[in-house]
$ cat work_22.cif   # mmCIF, C-alpha atoms
data_start
loop_
_atom_site.label_atom_id
_atom_site.label_comp_id
_atom_site.auth_asym_id
_atom_site.auth_seq_id
_atom_site.Cartn_x
_atom_site.Cartn_y
_atom_site.Cartn_z
CA MET A 1 -137.92 147.55 -91.95
CA TYR A 2 -141.40 149.09 -91.73
CA ASP A 3 -141.59 150.66 -95.22
CA GLU A 4 -144.16 148.18 -96.51
CA ARG A 5 -146.29 148.51 -93.39
CA LEU A 6 -146.16 152.32 -93.59
CA ALA A 7 -147.13 152.20 -97.26
CA GLY A 8 -150.06 149.93 -96.39
CA PHE A 9 -151.19 152.26 -93.62
CA SER A 10 -151.00 155.18 -96.03
CA ARG A 11 -153.09 153.36 -98.63
CA GLU A 12 -155.69 152.09 -96.16
CA ARG A 13 -156.05 155.13 -93.89
CA LEU A 14 -154.94 158.14 -96.00
CA ASP A 15 -155.82 157.09 -99.56
CA GLY A 16 -152.09 156.87 -100.39
CA ARG A 17 -151.18 160.35 -99.18
CA PRO A 18 -147.77 160.76 -97.54
CA ILE A 19 -147.76 159.99 -93.83
CA PRO A 20 -147.06 163.15 -91.79
CA ASP A 21 -143.72 163.04 -89.95
CA ASP A 22 -145.18 162.95 -86.44
CA LEU A 23 -147.64 160.19 -87.38
CA ARG A 24 -144.75 158.14 -88.80
CA VAL A 25 -142.85 158.45 -85.48
CA LEU A 26 -145.95 157.47 -83.49
CA LEU A 27 -146.75 154.49 -85.72
CA LEU A 28 -143.20 153.15 -85.55
CA ALA A 29 -143.21 153.52 -81.77
CA GLN A 30 -146.43 151.49 -81.52
CA TRP A 31 -145.19 148.80 -83.91
CA GLU A 32 -141.91 148.54 -81.99
CA GLY A 33 -143.85 148.07 -78.75
CA ARG A 34 -142.75 151.35 -77.20
CA THR A 35 -145.22 152.70 -74.66
CA ASP A 36 -143.76 156.16 -74.01
CA PHE A 37 -145.94 157.97 -76.55
CA THR A 38 -148.97 155.83 -75.75
CA HIS A 39 -148.62 156.80 -72.10
CA LEU A 40 -148.54 160.51 -72.95
CA LEU A 41 -151.08 160.65 -75.80
CA ASP A 42 -153.31 157.63 -75.13
CA LEU A 43 -153.57 156.64 -78.80
CA ASP A 44 -153.97 153.19 -80.32
CA PHE A 45 -153.37 153.26 -84.08
CA PHE A 46 -155.52 151.13 -86.35
CA GLU A 47 -154.08 147.87 -87.53
CA ALA A 48 -154.43 146.68 -91.13
CA GLY A 49 -157.94 145.59 -91.98
CA GLU A 50 -159.73 147.34 -89.11
CA VAL A 51 -162.99 148.81 -90.37
CA HIS A 52 -163.32 152.59 -90.57
CA PRO A 53 -165.77 153.56 -87.78
CA LEU A 54 -168.01 155.38 -90.25
CA LEU A 55 -168.31 152.20 -92.33
CA ASP A 56 -168.80 149.78 -89.45
CA THR A 57 -172.37 148.49 -89.34
CA SER A 58 -171.58 145.28 -87.46
CA TYR A 59 -173.32 146.57 -84.33
CA LEU A 60 -176.66 146.98 -86.16
CA SER A 61 -179.35 144.30 -86.26
CA GLU A 62 -180.80 143.04 -89.55
CA LYS A 63 -183.95 145.02 -88.80
CA GLU A 64 -181.92 148.21 -88.29
CA LEU A 65 -179.93 147.59 -91.48
CA ALA A 66 -183.20 147.23 -93.43
CA ASP A 67 -184.64 150.47 -92.03
CA PRO A 68 -184.64 153.19 -94.75
CA GLU A 69 -183.73 155.91 -92.21
CA MET A 70 -180.70 153.89 -91.08
CA GLN A 71 -179.79 153.17 -94.70
CA ALA A 72 -179.78 156.92 -95.37
CA VAL A 73 -177.49 157.52 -92.37
CA ASN A 74 -175.16 154.67 -93.39
CA ALA A 75 -174.95 155.92 -96.98
CA ALA A 76 -174.12 159.44 -95.75
CA ALA A 77 -171.52 158.01 -93.34
CA ALA A 78 -169.90 156.08 -96.20
CA GLU A 79 -169.66 159.32 -98.20
CA MET A 80 -168.14 161.11 -95.18
CA ALA A 81 -165.51 158.36 -94.85
CA LYS A 82 -164.00 159.69 -98.09
CA TYR A 83 -163.01 162.86 -96.19
CA VAL A 84 -162.69 161.69 -92.58
CA LYS A 85 -159.36 159.88 -92.38
CA LEU A 86 -159.26 158.33 -88.93
CA VAL A 87 -155.95 156.82 -87.90
CA ALA A 88 -156.27 155.97 -84.20
CA LYS A 89 -158.56 155.13 -81.33
CA GLY A 90 -158.32 157.70 -78.58
CA GLY A 91 -159.81 160.86 -77.18
CA LYS A 92 -163.60 160.82 -77.46
CA GLY A 93 -163.54 157.83 -79.83
CA TRP A 94 -161.34 158.12 -82.91
CA ILE A 95 -158.82 160.69 -84.14
CA GLY A 96 -157.55 161.63 -87.55
CA TYR A 97 -157.72 164.18 -90.33
CA TRP A 98 -160.39 166.11 -92.24
CA LEU A 99 -159.32 165.94 -95.90
CA HIS A 100 -162.23 167.45 -97.79
CA PRO A 101 -161.19 168.64 -101.29
CA ASP A 102 -162.53 172.17 -100.61
CA GLU A 103 -160.03 172.64 -97.76
CA PRO A 104 -156.89 174.60 -98.72
CA GLY A 105 -154.08 172.33 -99.86
CA ASP A 106 -151.36 174.75 -98.78
CA ARG A 107 -151.75 174.22 -95.03
CA ALA A 108 -151.42 171.37 -92.59
CA TRP A 109 -154.30 168.90 -92.61
CA HIS A 110 -157.17 169.77 -90.30
CA LEU A 111 -157.36 167.52 -87.26
CA MET A 112 -160.59 165.96 -86.12
CA GLU A 113 -162.16 163.62 -83.68
CA LEU A 114 -165.23 161.47 -84.08
CA ASP A 115 -167.06 160.33 -80.97
CA THR A 116 -169.15 157.21 -80.52
CA GLU A 117 -172.33 159.19 -81.23
CA PHE A 118 -170.89 160.24 -84.62
CA THR A 119 -170.32 163.82 -83.55
CA PHE A 120 -167.36 165.53 -85.20
CA TRP A 121 -164.95 167.60 -83.10
CA GLY A 122 -162.18 169.86 -84.35
CA LEU A 123 -158.76 169.76 -82.71
CA VAL A 124 -156.30 172.65 -82.53
CA GLY A 125 -152.74 172.35 -83.78
CA LEU A 126 -150.85 171.74 -86.99
CA THR A 127 -150.03 168.08 -86.33
CA LEU A 128 -151.80 165.09 -84.86
CA THR A 129 -149.41 165.23 -81.92
CA GLU A 130 -150.25 168.87 -81.19
CA GLY A 131 -153.98 168.26 -81.40
CA VAL A 132 -153.92 165.22 -79.15
CA ALA A 133 -151.52 166.84 -76.66
CA ALA A 134 -153.79 169.90 -76.46
CA GLU A 135 -156.75 167.66 -75.70
CA ARG A 136 -154.81 165.48 -73.25
CA ALA A 137 -153.64 168.59 -71.38
CA SER A 138 -157.03 168.83 -69.70
CA TYR A 139 -156.63 165.30 -68.30
CA GLN A 140 -153.30 165.86 -66.55
CA ASP A 141 -152.62 166.34 -62.85
CA GLU A 142 -151.82 169.99 -63.57
CA PRO A 143 -155.17 171.87 -63.40
CA ASP A 144 -154.06 174.66 -65.77
CA GLU A 145 -154.28 173.14 -69.27
CA ARG A 146 -151.81 175.70 -70.63
CA ILE A 147 -149.13 174.62 -68.18
CA ALA A 148 -150.06 170.95 -68.69
CA PHE A 149 -149.71 171.36 -72.46
CA THR A 150 -146.27 172.95 -72.07
CA GLN A 151 -145.22 170.05 -69.84
CA LEU A 152 -146.53 167.48 -72.32
CA ALA A 153 -144.84 169.28 -75.22
CA ALA A 154 -141.53 169.23 -73.34
CA GLU A 155 -141.85 165.49 -72.60
CA LEU A 156 -142.70 164.76 -76.24
CA ALA A 157 -139.74 166.84 -77.44
CA GLU A 158 -137.44 164.86 -75.11
CA LEU A 159 -138.71 161.69 -76.79
CA GLY A 160 -137.86 163.12 -80.22
CA LEU A 161 -141.26 164.49 -81.21
CA PRO A 162 -141.00 168.28 -81.13
CA MET A 163 -144.04 170.43 -81.88
CA SER A 164 -144.32 173.78 -83.63
CA THR A 165 -145.01 175.44 -80.27
CA GLN A 166 -145.05 174.71 -76.57
CA ASP A 167 -147.48 177.59 -76.05
CA TYR A 168 -151.08 176.35 -75.84
CA ASP A 169 -152.46 179.75 -76.89
CA ALA A 170 -150.29 179.75 -80.03
CA LEU A 171 -151.72 176.49 -81.40
CA ASP A 172 -153.25 176.79 -84.86
CA ASP A 173 -157.05 177.02 -84.71
CA THR A 174 -157.91 177.66 -88.37
CA GLU A 175 -161.61 177.19 -89.18
CA TYR A 176 -162.76 174.47 -91.53
CA MET A 177 -163.87 175.65 -94.97
CA VAL A 178 -166.37 172.78 -94.99
CA ALA A 179 -167.85 171.95 -91.57
CA PRO A 180 -168.02 168.15 -91.10
CA GLU A 181 -171.22 168.25 -89.00
CA GLU A 182 -173.05 170.36 -91.58
CA LEU A 183 -171.87 168.21 -94.47
CA MET A 184 -173.01 165.05 -92.67
CA GLU A 185 -176.47 166.56 -92.14
CA GLU A 186 -176.65 167.60 -95.82
CA LEU A 187 -175.63 164.12 -96.96
CA ILE A 188 -178.19 162.43 -94.70
CA GLU A 189 -180.91 164.74 -96.04
CA ALA A 190 -179.87 163.97 -99.64
CA GLU A 191 -179.95 160.23 -98.92
CA ARG A 192 -183.34 160.56 -97.21
CA LYS A 193 -184.67 162.40 -100.25
CA LYS A 194 -183.36 159.66 -102.59
CA ARG A 195 -185.36 157.16 -100.54
CA GLY A 196 -188.51 159.29 -100.48
CA LEU A 197 -188.17 159.99 -96.75
CA ARG A 198 -189.28 163.58 -96.27
#
$ encode --input "work_22.cif" --output "structure tokens"
Amino acid sequence: MYDERLAGFSRERLDGRPIPDDLRVLLLAQWEGRTDFTHLLDLDFFEAGEVHPLLDTSYLSEKELADPEMQAVNAAAAEMAKYVKLVAKGGKGWIGYWLHPDEPGDRAWHLMELDTEFTFWGLVGLTLTEGVAAERASYQDEPDERIAFTQLAAELAELGLPMSTQDYDALDDTEYMVAPEELMEELIEAERKKRGLR
């Protein structure tokens, strides 16, 4: 029933890569109008045609768009959008995956968050669900985020979305091979140089 919509999401948000199992469950839940996962994870997945936040310049004035400094930043952001595969609104702004070609292909995709100031944040975990649950754990009524994470993990498992661990301290925290923040700075500098802005 949703095969075509899933394929479209894959093409638009993941450059045609297979949709991870947990993301598929979360997307179907949103499209079916279920609110159980939304309540626990506070995610709103992009609909078809929504502009990637790194490519969105609609909030800039004509004067800002004509500014060479801003043009350098926008060009660098467009390059970053090739590797930053955002799939949902939530957390600090937007959430998704870091799919730089220099990252190992034999592990789960790195998780990342982009805030409204275009700061990149890494998330722990092997799946989007784990990363978001780990972050949401600090916003629960339970003050100990480790206990809150275990509780969230149990609730998600009851809803049919098990995670690799219910132990917060066991969540994967593998370092990026290519740091998004550093790459963004390098790309902005390269774009500034192209424009003679030094």
$ closest_residue --input "work_22.cif" --among "A:Ala72, A:Ala137, A:Ala77, A:Leu159" --to "A:Val25" --atoms "all atoms listed in the file"
A:Leu159
$ axis_aligned_box --input "work_22.cif" --around "stretch 50-65 of chain A" --padding-each-side "4 Å" --output "lines of an AutoDock Vina configuration file"
center_x = -171.8
center_y = 149.2
center_z = -88.3
size_x = 32.2
size_y = 20.3
size_z = 16.0
$ residues_around --input "work_22.cif" --residues "stretch 61-70 of chain A" --least-positions-apart "2" --cutoff "12 Å" --atoms "all atoms listed in the file" --output "PyMOL selection string"
chain A and resi 56-59+72-77+188-198
$ resolve_selection --input "work_22.cif" --expression "the PyMOL selection byres ((chain A and resi 105-108) around 8)" --output "PyMOL selection string"
chain A and resi 103-104+109-110+126-127
$ resolve_selection --input "work_22.cif" --expression "the PyMOL selection byres ((chain A and resi 26) around 10)" --output "ChimeraX atom specification"
/A:21-25,27-32,34,36-38,41,43-45,128-129,161
$ atom_distance --input "work_22.cif" --atom1 "atom CA of A:Glu113" --atom2 "atom CA of A:Ala157"
23.5 Å
$ resolve_selection --input "work_22.cif" --expression "the PyMOL selection byres ((chain A and resi 145) around 12)" --output "list in words"
Ala133, Ala134, Glu135, Arg136, Ala137, Ser138, Tyr139, Gln140, Asp141, Glu142, Pro143, Asp144, Arg146, Ile147, Ala148, Phe149, Thr150, Gln151, Leu152, Ala153, Gln166, Asp167, Tyr168 and Asp169 of chain A
$ atom_distance --input "work_22.cif" --atom1 "atom CA of A:Trp98" --atom2 "atom CA of A:Pro18"
14.7 Å
$ closest_residue --input "work_22.cif" --among "A:Gly131, A:Gly160, A:Gly91, A:Gly122" --to "A:Pro180" --atoms "only C-alpha atoms"
A:Gly122
$ residues_near_point --input "work_22.cif" --point "(-154.8, 165.4, -103.7)" --cutoff "10 Å" --atoms "all atoms listed in the file" --output "list in words"
Asp15, Gly16, Arg17, Leu99, His100, Pro101 and Gly105 of chain A
$ build_atoms --input "work_22.cif" --residues "stretch 16-32 of chain A" --atoms "N, CA, C and O atoms" --output "mmCIF file, in the coordinates of the input"
data_model
loop_
_atom_site.group_PDB
_atom_site.id
_atom_site.type_symbol
_atom_site.label_atom_id
_atom_site.label_comp_id
_atom_site.auth_asym_id
_atom_site.auth_seq_id
_atom_site.Cartn_x
_atom_site.Cartn_y
_atom_site.Cartn_z
ATOM 1 N N GLY A 16 -153.394 156.797 -99.739
ATOM 2 C CA GLY A 16 -152.090 156.870 -100.390
ATOM 3 C C GLY A 16 -151.328 158.158 -100.192
ATOM 4 O O GLY A 16 -150.228 158.316 -100.709
ATOM 5 N N ARG A 17 -151.896 159.087 -99.438
ATOM 6 C CA ARG A 17 -151.180 160.350 -99.180
ATOM 7 C C ARG A 17 -149.952 160.071 -98.313
ATOM 8 O O ARG A 17 -149.922 159.108 -97.550
ATOM 9 N N PRO A 18 -148.958 160.942 -98.390
ATOM 10 C CA PRO A 18 -147.770 160.760 -97.540
ATOM 11 C C PRO A 18 -148.143 160.838 -96.054
ATOM 12 O O PRO A 18 -148.987 161.638 -95.659
ATOM 13 N N ILE A 19 -147.514 159.999 -95.269
ATOM 14 C CA ILE A 19 -147.760 159.990 -93.830
ATOM 15 C C ILE A 19 -147.022 161.173 -93.202
ATOM 16 O O ILE A 19 -145.815 161.318 -93.402
ATOM 17 N N PRO A 20 -147.735 162.034 -92.461
ATOM 18 C CA PRO A 20 -147.060 163.150 -91.790
ATOM 19 C C PRO A 20 -145.943 162.636 -90.869
ATOM 20 O O PRO A 20 -146.033 161.534 -90.313
ATOM 21 N N ASP A 21 -144.904 163.455 -90.711
ATOM 22 C CA ASP A 21 -143.720 163.040 -89.950
ATOM 23 C C ASP A 21 -144.052 162.572 -88.534
ATOM 24 O O ASP A 21 -143.543 161.549 -88.076
ATOM 25 N N ASP A 22 -144.896 163.331 -87.819
ATOM 26 C CA ASP A 22 -145.180 162.950 -86.440
ATOM 27 C C ASP A 22 -145.966 161.638 -86.385
ATOM 28 O O ASP A 22 -145.723 160.794 -85.527
ATOM 29 N N LEU A 23 -146.877 161.440 -87.338
ATOM 30 C CA LEU A 23 -147.640 160.190 -87.380
ATOM 31 C C LEU A 23 -146.707 159.017 -87.639
ATOM 32 O O LEU A 23 -146.839 157.954 -87.021
ATOM 33 N N ARG A 24 -145.732 159.201 -88.514
ATOM 34 C CA ARG A 24 -144.750 158.140 -88.800
ATOM 35 C C ARG A 24 -144.017 157.738 -87.514
ATOM 36 O O ARG A 24 -143.883 156.547 -87.201
ATOM 37 N N VAL A 25 -143.565 158.727 -86.740
ATOM 38 C CA VAL A 25 -142.850 158.450 -85.480
ATOM 39 C C VAL A 25 -143.752 157.679 -84.521
ATOM 40 O O VAL A 25 -143.337 156.693 -83.901
ATOM 41 N N LEU A 26 -145.009 158.114 -84.410
ATOM 42 C CA LEU A 26 -145.950 157.470 -83.490
ATOM 43 C C LEU A 26 -146.284 156.041 -83.928
ATOM 44 O O LEU A 26 -146.375 155.130 -83.085
ATOM 45 N N LEU A 27 -146.469 155.836 -85.219
ATOM 46 C CA LEU A 27 -146.750 154.490 -85.720
ATOM 47 C C LEU A 27 -145.584 153.547 -85.448
ATOM 48 O O LEU A 27 -145.770 152.429 -84.957
ATOM 49 N N LEU A 28 -144.374 153.999 -85.770
ATOM 50 C CA LEU A 28 -143.200 153.150 -85.550
ATOM 51 C C LEU A 28 -143.049 152.808 -84.076
ATOM 52 O O LEU A 28 -142.720 151.666 -83.734
ATOM 53 N N ALA A 29 -143.307 153.775 -83.219
ATOM 54 C CA ALA A 29 -143.210 153.520 -81.770
ATOM 55 C C ALA A 29 -144.204 152.426 -81.367
ATOM 56 O O ALA A 29 -143.855 151.508 -80.608
ATOM 57 N N GLN A 30 -145.445 152.513 -81.874
ATOM 58 C CA GLN A 30 -146.430 151.490 -81.520
ATOM 59 C C GLN A 30 -146.020 150.126 -82.055
ATOM 60 O O GLN A 30 -146.076 149.123 -81.347
ATOM 61 N N TRP A 31 -145.568 150.070 -83.295
ATOM 62 C CA TRP A 31 -145.190 148.800 -83.910
ATOM 63 C C TRP A 31 -143.960 148.192 -83.253
ATOM 64 O O TRP A 31 -143.775 146.975 -83.274
ATOM 65 N N GLU A 32 -143.113 149.046 -82.685
ATOM 66 C CA GLU A 32 -141.910 148.540 -81.990
ATOM 67 C C GLU A 32 -142.214 148.189 -80.537
ATOM 68 O O GLU A 32 -141.335 147.742 -79.809
#
